[in-house]
Structures are given as structure tokens and as C-alpha cells.
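The structure appears right after this line, and notes come after that.
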Amino acid sequence: MSDSEEEYEGDQIQPDDESVDGNDISDEEGYDLNVDSGKHYENDSRRFKNSKISSDETWSNQFLPFDNLPLTKNVGPKNIPDTVRTPGDILLMLLSVENIGNMVQQTNLYYLKNKIKNDVPVTADEIKKFIGVNIIMGVKLLPSYRDYWSSNSQLNDAYISSSMPVKRFSFLLSNLHLNDQTKEPKKGEANFDKLYNIRPNIDRISETYLQYYDPTREQSKDESMVKKPIKQGYKIWVRSDMNGYVCEFQIYTRKINNVTKKNLGERVIMSLS
């Protein structure tokens, strides 16, 4: 999938200008927004004790008492089909059969409309292999994806190269589609969505994350940055539990329905609750 820089301009976000609570947090206060630093929850008691949402849904620095109610729900996986046995089964369960089928349908629709020569329609099995190969490539990094099929034994990956031909992988890399671009609302229209091209995938995964797991009582809402091979990255708002399970997420696209980032922290907290 490829898009112009203009289409994605709103998605490339610097991580240091906004926090979930809308306040700048410095190292002097004992906070470190680097998730890997281990300091992320330092002084949490002070941070939450001094914050509340008033009746008009604006932040204020007043103590808000609450009842420390016990968690009555079970914690952990739920509704897991008996057929799920392996990590691969879990991955496909979260991605969902519907998502795989949609990728096949939309990619083949794009293939037929553009009359791409010398290739054949894709299958669900190919899409699964393509996803698996991309996961492995994220673990075993090489300078170019073509190196996994290299004739040089020092670079070649036997598992990946035997999964599908490099030309087929290149075809999927360039032509994989998740939504019908001919129906995409234009910028300025009421239903315009910066994430239109991947919206079906996002919505379905959001449903399965909630469907198959009950989180712990203690949870965190914060930003997660996805690196890109450029100066900036993608910011994702995440609600996760103590085990690190992502319960819900939202990809930040700056303006939503022409609403600016004013009260961004409050909106994110409320929408992910």
C-alpha cells in the first residue's frame, strides 16, 4: 500500500509535544515518558491524587475520593475456541478470519480493477504466509527484504525463501489492500478518514482484543510511538493492563472531524474508558 506524503502528513507525530493528561512532564518531577525506562509509573500516587475531572469534564487539581471496589471479573483469556492450540492460532484468532477474508477480497478487487499483468489473484493462505514472513523479518533484520531470497547463503533465509517466491512477496507488498479506494471520501467531506485504507483492519482488531481477554483492575492509558524509517513516527493511544495486554487503542491523526487537539488528554481518557 502506498500513499502520498500529503495524505499521511497528519499521522506523522513528534512524541514530545503532548501527553495523555495534557501537561508537560519533566524529569525533575520524576517522570520519564520512555516506556522502556522502567520509570513510567514513578510517583503515580501523587500524579493521580492531585487530578480529577469535574462535572463539566475539565481537569482540575483537586482530590477526588473514590471507592476501592474489588474486581469481581476473571482476569485473562476468555471465549477461546477449542481449536486454538499454538501461538499462530492465537495470532489468527486476534486478526480474525473476517480480516483475512477482507484482505483477499480487497486485494483481488484492486488487482482486477487495475488489470495487473503476469500475476494471479491472491488466496487466504498467501495472506497468512505474507503476514508471517513480515513478522519474521521484524525479528531477523536484513538491509533489504530481497536479501532473504539472496543466492548468498550468509544472507538467505531458508524458511522465508521457501514460503513464497520473492516476486510474489513483492507483489503483495505493493498491492495489498484492505479497503475499496474507489469509495474513499475526499478530504473535506463529512466521512473523510485519514485511516480509511486500513480502517476495516483497525476496527476488527479492536473488537477481537476486547472479545478474547478480560484485563486486570489496574490499567494504564498512555501514548505508544511506532517507529518509522523517517524522523517522525506514528502515535497510538493505548489502554493496557498490568500484564501488558492492549485492551483498546486509537491511532492519533491530529484533527478529528475538524476538532483541534484542545482537551486532547480528556478526550483520550474518556474515549478509552
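Note on naming: chains are A, B, ... as they come in the C-alpha cells, residues start from 1 per chain, ligands start from 1 in the order shown.
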
(request) Looking only at strand (DSSP E) from DSSP on the backbone, list the matching residues of range 55-242 of chain A as a ChimeraX atom specification. (result) /A:59-60,76-77,213-214,219-226,233-241

Write the residues you've just listed into a file as a compact mmCIF listing (two decimals), in the first residue's frame, and include N, CA and C atoms for each of them.
# COMPACT_ATOMS: atom_id res chain seq x y z
N TRP A 59 -10.21 19.32 33.51
CA TRP A 59 -9.27 18.89 34.54
C TRP A 59 -9.10 19.96 35.60
N SER A 60 -8.95 19.53 36.84
CA SER A 60 -8.63 20.44 37.93
C SER A 60 -7.77 19.70 38.94
N GLY A 76 -7.84 -12.54 32.39
CA GLY A 76 -7.13 -13.41 31.46
C GLY A 76 -7.94 -13.74 30.22
N PRO A 77 -7.46 -14.69 29.42
CA PRO A 77 -8.14 -15.06 28.17
C PRO A 77 -9.56 -15.55 28.42
N TYR A 213 -10.26 -11.34 25.94
CA TYR A 213 -9.43 -11.14 27.13
C TYR A 213 -10.12 -10.21 28.12
N ASP A 214 -10.08 -10.58 29.41
CA ASP A 214 -10.55 -9.71 30.50
C ASP A 214 -9.34 -9.15 31.22
N GLN A 219 -5.06 -0.46 35.33
CA GLN A 219 -4.76 -0.28 33.91
C GLN A 219 -4.09 1.07 33.68
N SER A 220 -3.49 1.20 32.52
CA SER A 220 -2.79 2.43 32.17
C SER A 220 -3.24 2.91 30.80
N LYS A 221 -3.36 4.23 30.66
CA LYS A 221 -3.65 4.84 29.36
C LYS A 221 -2.52 5.81 29.04
N ASP A 222 -1.88 5.59 27.93
CA ASP A 222 -0.75 6.45 27.57
C ASP A 222 -0.48 6.32 26.08
N GLU A 223 0.51 7.06 25.62
CA GLU A 223 0.85 7.04 24.20
C GLU A 223 1.93 6.01 23.92
N SER A 224 1.86 5.42 22.74
CA SER A 224 2.87 4.48 22.27
C SER A 224 3.32 4.94 20.90
N MET A 225 4.63 5.06 20.71
CA MET A 225 5.15 5.53 19.44
C MET A 225 5.60 4.35 18.58
N VAL A 226 5.16 4.34 17.33
CA VAL A 226 5.58 3.32 16.36
C VAL A 226 6.63 3.95 15.46
N GLY A 233 7.31 9.47 13.80
CA GLY A 233 6.66 8.17 13.86
C GLY A 233 5.16 8.33 14.02
N TYR A 234 4.49 7.22 14.27
CA TYR A 234 3.05 7.22 14.47
C TYR A 234 2.75 7.11 15.96
N LYS A 235 1.84 7.95 16.43
CA LYS A 235 1.45 7.92 17.83
C LYS A 235 0.14 7.14 17.97
N ILE A 236 0.12 6.23 18.92
CA ILE A 236 -1.08 5.43 19.19
C ILE A 236 -1.44 5.56 20.66
N TRP A 237 -2.67 5.95 20.94
CA TRP A 237 -3.15 5.97 22.33
C TRP A 237 -3.53 4.54 22.71
N VAL A 238 -3.08 4.10 23.88
CA VAL A 238 -3.26 2.70 24.28
C VAL A 238 -3.81 2.61 25.70
N ARG A 239 -4.78 1.73 25.89
CA ARG A 239 -5.20 1.33 27.24
C ARG A 239 -4.74 -0.10 27.43
N SER A 240 -3.88 -0.32 28.42
CA SER A 240 -3.33 -1.66 28.65
C SER A 240 -3.45 -2.02 30.12
N ASP A 241 -3.37 -3.32 30.42
CA ASP A 241 -3.47 -3.76 31.80
C ASP A 241 -2.08 -4.07 32.37

Listing only residues of range 166-218 of chain A within 12 Å of range 104-123 of chain A, what is the closest atom pair and its distance in Å (to one decimal) for each, using only C-alpha atoms, sorted by chain and residue number ascending, as JSON lines?
{"residue": "A:Lys167", "atom": "CA", "partner": "A:Asp119", "partner_atom": "CA", "distance": 9.6}
{"residue": "A:Arg168", "atom": "CA", "partner": "A:Asp119", "partner_atom": "CA", "distance": 8.3}
{"residue": "A:Phe169", "atom": "CA", "partner": "A:Val122", "partner_atom": "CA", "distance": 11.0}
{"residue": "A:Ser170", "atom": "CA", "partner": "A:Asp119", "partner_atom": "CA", "distance": 11.3}
{"residue": "A:Phe171", "atom": "CA", "partner": "A:Asp119", "partner_atom": "CA", "distance": 8.2}
{"residue": "A:Leu172", "atom": "CA", "partner": "A:Val122", "partner_atom": "CA", "distance": 8.4}
{"residue": "A:Leu173", "atom": "CA", "partner": "A:Thr107", "partner_atom": "CA", "distance": 10.9}
{"residue": "A:Ser174", "atom": "CA", "partner": "A:Thr107", "partner_atom": "CA", "distance": 10.2}
{"residue": "A:Asn175", "atom": "CA", "partner": "A:Thr107", "partner_atom": "CA", "distance": 6.6}
{"residue": "A:Leu176", "atom": "CA", "partner": "A:Thr107", "partner_atom": "CA", "distance": 5.3}
{"residue": "A:His177", "atom": "CA", "partner": "A:Thr107", "partner_atom": "CA", "distance": 4.7}
{"residue": "A:Leu178", "atom": "CA", "partner": "A:Gln106", "partner_atom": "CA", "distance": 5.5}
{"residue": "A:Asn179", "atom": "CA", "partner": "A:Gln106", "partner_atom": "CA", "distance": 5.9}
{"residue": "A:Asp180", "atom": "CA", "partner": "A:Gln106", "partner_atom": "CA", "distance": 6.4}
{"residue": "A:Gln181", "atom": "CA", "partner": "A:Tyr110", "partner_atom": "CA", "distance": 8.5}
{"residue": "A:Thr182", "atom": "CA", "partner": "A:Tyr110", "partner_atom": "CA", "distance": 9.5}
{"residue": "A:Asn197", "atom": "CA", "partner": "A:Gln106", "partner_atom": "CA", "distance": 10.4}
{"residue": "A:Ile198", "atom": "CA", "partner": "A:Gln106", "partner_atom": "CA", "distance": 11.1}
{"residue": "A:Pro200", "atom": "CA", "partner": "A:Gln106", "partner_atom": "CA", "distance": 10.7}
{"residue": "A:Asn201", "atom": "CA", "partner": "A:Gln106", "partner_atom": "CA", "distance": 11.7}

File dump, residues just selected, N, CA, C and O atoms, as a PDB file, in the first residue's frame:
ATOM      1  N   LYS A 167       9.229 -12.580  -5.984  1.00  0.00           N
ATOM      2  CA  LYS A 167       8.372 -11.764  -6.843  1.00  0.00           C
ATOM      3  C   LYS A 167       6.949 -11.708  -6.310  1.00  0.00           C
ATOM      4  O   LYS A 167       6.278 -10.673  -6.394  1.00  0.00           O
ATOM      5  N   ARG A 168       6.491 -12.813  -5.744  1.00  0.00           N
ATOM      6  CA  ARG A 168       5.130 -12.825  -5.187  1.00  0.00           C
ATOM      7  C   ARG A 168       5.050 -11.985  -3.923  1.00  0.00           C
ATOM      8  O   ARG A 168       4.076 -11.265  -3.692  1.00  0.00           O
ATOM      9  N   PHE A 169       6.088 -12.067  -3.096  1.00  0.00           N
ATOM     10  CA  PHE A 169       6.132 -11.240  -1.901  1.00  0.00           C
ATOM     11  C   PHE A 169       6.149  -9.763  -2.293  1.00  0.00           C
ATOM     12  O   PHE A 169       5.446  -8.944  -1.685  1.00  0.00           O
ATOM     13  N   SER A 170       6.924  -9.413  -3.297  1.00  0.00           N
ATOM     14  CA  SER A 170       6.999  -8.039  -3.772  1.00  0.00           C
ATOM     15  C   SER A 170       5.646  -7.566  -4.294  1.00  0.00           C
ATOM     16  O   SER A 170       5.235  -6.421  -4.072  1.00  0.00           O
ATOM     17  N   PHE A 171       4.937  -8.467  -4.992  1.00  0.00           N
ATOM     18  CA  PHE A 171       3.601  -8.141  -5.497  1.00  0.00           C
ATOM     19  C   PHE A 171       2.649  -7.814  -4.348  1.00  0.00           C
ATOM     20  O   PHE A 171       1.917  -6.821  -4.368  1.00  0.00           O
ATOM     21  N   LEU A 172       2.645  -8.665  -3.317  1.00  0.00           N
ATOM     22  CA  LEU A 172       1.764  -8.435  -2.168  1.00  0.00           C
ATOM     23  C   LEU A 172       2.167  -7.172  -1.417  1.00  0.00           C
ATOM     24  O   LEU A 172       1.314  -6.423  -0.929  1.00  0.00           O
ATOM     25  N   LEU A 173       3.456  -6.932  -1.312  1.00  0.00           N
ATOM     26  CA  LEU A 173       3.944  -5.755  -0.611  1.00  0.00           C
ATOM     27  C   LEU A 173       3.451  -4.475  -1.287  1.00  0.00           C
ATOM     28  O   LEU A 173       3.168  -3.473  -0.619  1.00  0.00           O
ATOM     29  N   SER A 174       3.318  -4.506  -2.593  1.00  0.00           N
ATOM     30  CA  SER A 174       2.924  -3.328  -3.362  1.00  0.00           C
ATOM     31  C   SER A 174       1.421  -3.209  -3.552  1.00  0.00           C
ATOM     32  O   SER A 174       0.906  -2.098  -3.748  1.00  0.00           O
ATOM     33  N   ASN A 175       0.703  -4.329  -3.491  1.00  0.00           N
ATOM     34  CA  ASN A 175      -0.701  -4.318  -3.899  1.00  0.00           C
ATOM     35  C   ASN A 175      -1.691  -4.752  -2.825  1.00  0.00           C
ATOM     36  O   ASN A 175      -2.896  -4.783  -3.101  1.00  0.00           O
ATOM     37  N   LEU A 176      -1.213  -5.093  -1.639  1.00  0.00           N
ATOM     38  CA  LEU A 176      -2.132  -5.487  -0.574  1.00  0.00           C
ATOM     39  C   LEU A 176      -3.084  -4.343  -0.251  1.00  0.00           C
ATOM     40  O   LEU A 176      -2.651  -3.207  -0.024  1.00  0.00           O
ATOM     41  N   HIS A 177      -4.375  -4.624  -0.214  1.00  0.00           N
ATOM     42  CA  HIS A 177      -5.382  -3.612   0.087  1.00  0.00           C
ATOM     43  C   HIS A 177      -6.372  -4.133   1.131  1.00  0.00           C
ATOM     44  O   HIS A 177      -6.636  -5.334   1.202  1.00  0.00           O
ATOM     45  N   LEU A 178      -6.884  -3.193   1.927  1.00  0.00           N
ATOM     46  CA  LEU A 178      -7.844  -3.539   2.970  1.00  0.00           C
ATOM     47  C   LEU A 178      -9.173  -2.815   2.802  1.00  0.00           C
ATOM     48  O   LEU A 178     -10.126  -3.095   3.527  1.00  0.00           O
ATOM     49  N   ASN A 179      -9.237  -1.874   1.879  1.00  0.00           N
ATOM     50  CA  ASN A 179     -10.466  -1.118   1.674  1.00  0.00           C
ATOM     51  C   ASN A 179     -10.556  -0.691   0.216  1.00  0.00           C
ATOM     52  O   ASN A 179      -9.545  -0.616  -0.481  1.00  0.00           O
ATOM     53  N   ASP A 180     -11.764  -0.395  -0.233  1.00  0.00           N
ATOM     54  CA  ASP A 180     -12.007  -0.024  -1.629  1.00  0.00           C
ATOM     55  C   ASP A 180     -11.702   1.458  -1.818  1.00  0.00           C
ATOM     56  O   ASP A 180     -12.461   2.321  -1.376  1.00  0.00           O
ATOM     57  N   GLN A 181     -10.591   1.752  -2.476  1.00  0.00           N
ATOM     58  CA  GLN A 181     -10.174   3.141  -2.636  1.00  0.00           C
ATOM     59  C   GLN A 181     -11.106   3.940  -3.532  1.00  0.00           C
ATOM     60  O   GLN A 181     -11.137   5.167  -3.447  1.00  0.00           O
ATOM     61  N   THR A 182     -11.883   3.276  -4.365  1.00  0.00           N
ATOM     62  CA  THR A 182     -12.813   3.999  -5.243  1.00  0.00           C
ATOM     63  C   THR A 182     -13.973   4.616  -4.468  1.00  0.00           C
ATOM     64  O   THR A 182     -14.671   5.491  -4.978  1.00  0.00           O
ATOM     65  N   ASN A 197      -7.737   3.588   4.449  1.00  0.00           N
ATOM     66  CA  ASN A 197      -7.139   2.428   3.781  1.00  0.00           C
ATOM     67  C   ASN A 197      -6.966   1.228   4.699  1.00  0.00           C
ATOM     68  O   ASN A 197      -6.911   0.082   4.231  1.00  0.00           O
ATOM     69  N   ILE A 198      -6.852   1.464   6.011  1.00  0.00           N
ATOM     70  CA  ILE A 198      -6.675   0.355   6.949  1.00  0.00           C
ATOM     71  C   ILE A 198      -7.802   0.287   7.978  1.00  0.00           C
ATOM     72  O   ILE A 198      -7.726  -0.488   8.928  1.00  0.00           O
ATOM     73  N   PRO A 200     -10.927  -1.020   8.097  1.00  0.00           N
ATOM     74  CA  PRO A 200     -11.544  -2.319   8.429  1.00  0.00           C
ATOM     75  C   PRO A 200     -10.673  -3.175   9.336  1.00  0.00           C
ATOM     76  O   PRO A 200     -11.169  -3.841  10.247  1.00  0.00           O
ATOM     77  N   ASN A 201      -9.360  -3.150   9.108  1.00  0.00           N
ATOM     78  CA  ASN A 201      -8.435  -3.931   9.918  1.00  0.00           C
ATOM     79  C   ASN A 201      -8.374  -3.408  11.347  1.00  0.00           C
ATOM     80  O   ASN A 201      -8.409  -4.177  12.316  1.00  0.00           O
TER      81      ASN A 201
END

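CA of Asp67 in chain A is found 19.3 Å from CA of Pro215 in chain A.
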
Residue contacts of Asp125 in chain A (12 Å, only C-alpha atoms) excluding same-chain residues fewer than 2 positions away, as a list in words: Leu92, Val97, Ile100, Gly101, Met103, Val104, Pro121, Val122, Thr123, Ile127, Lys128, Lys129, Phe130, Ile131, Gly132, Ser163 and Met164 of chain A

Handout entry: helix (DSSP H, G or I) per DSSP on the backbone: members of range 55-128 of chain A, as a PyMOL selection string
Key = chain A and resi 87-95+97-113+124-128

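A straight line drawn from CA of Leu155 in chain A to CA of Ala124 in chain A is 28.4 Å long.
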
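Residues with any atom within 10 Å of Ser273 in chain A, counting only C-alpha atoms and excluding same-chain neighbours fewer than 2 positions away, are Lys221, Arg239, Glu248, Val268, Ile269, Met270 and Ser271 of chain A.
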
Would you list the contacts of range 142-150 of chain A as a ChimeraX atom specification, taking every protein, DNA or RNA residue within 7 Å and counting only C-alpha atoms, but skipping same-chain residues closer than 5 positions in sequence?
/A:155-157,160-161,166

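Note that the spacing between CA of Gly138 in chain A and CA of Val84 in chain A amounts to 24.1 Å.
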
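Counting only C-alpha atoms and comparing A:Asn74, A:Asp89, A:Leu264, A:Thr83, the residue that lies closest to Thr216 in chain A is A:Asn74.
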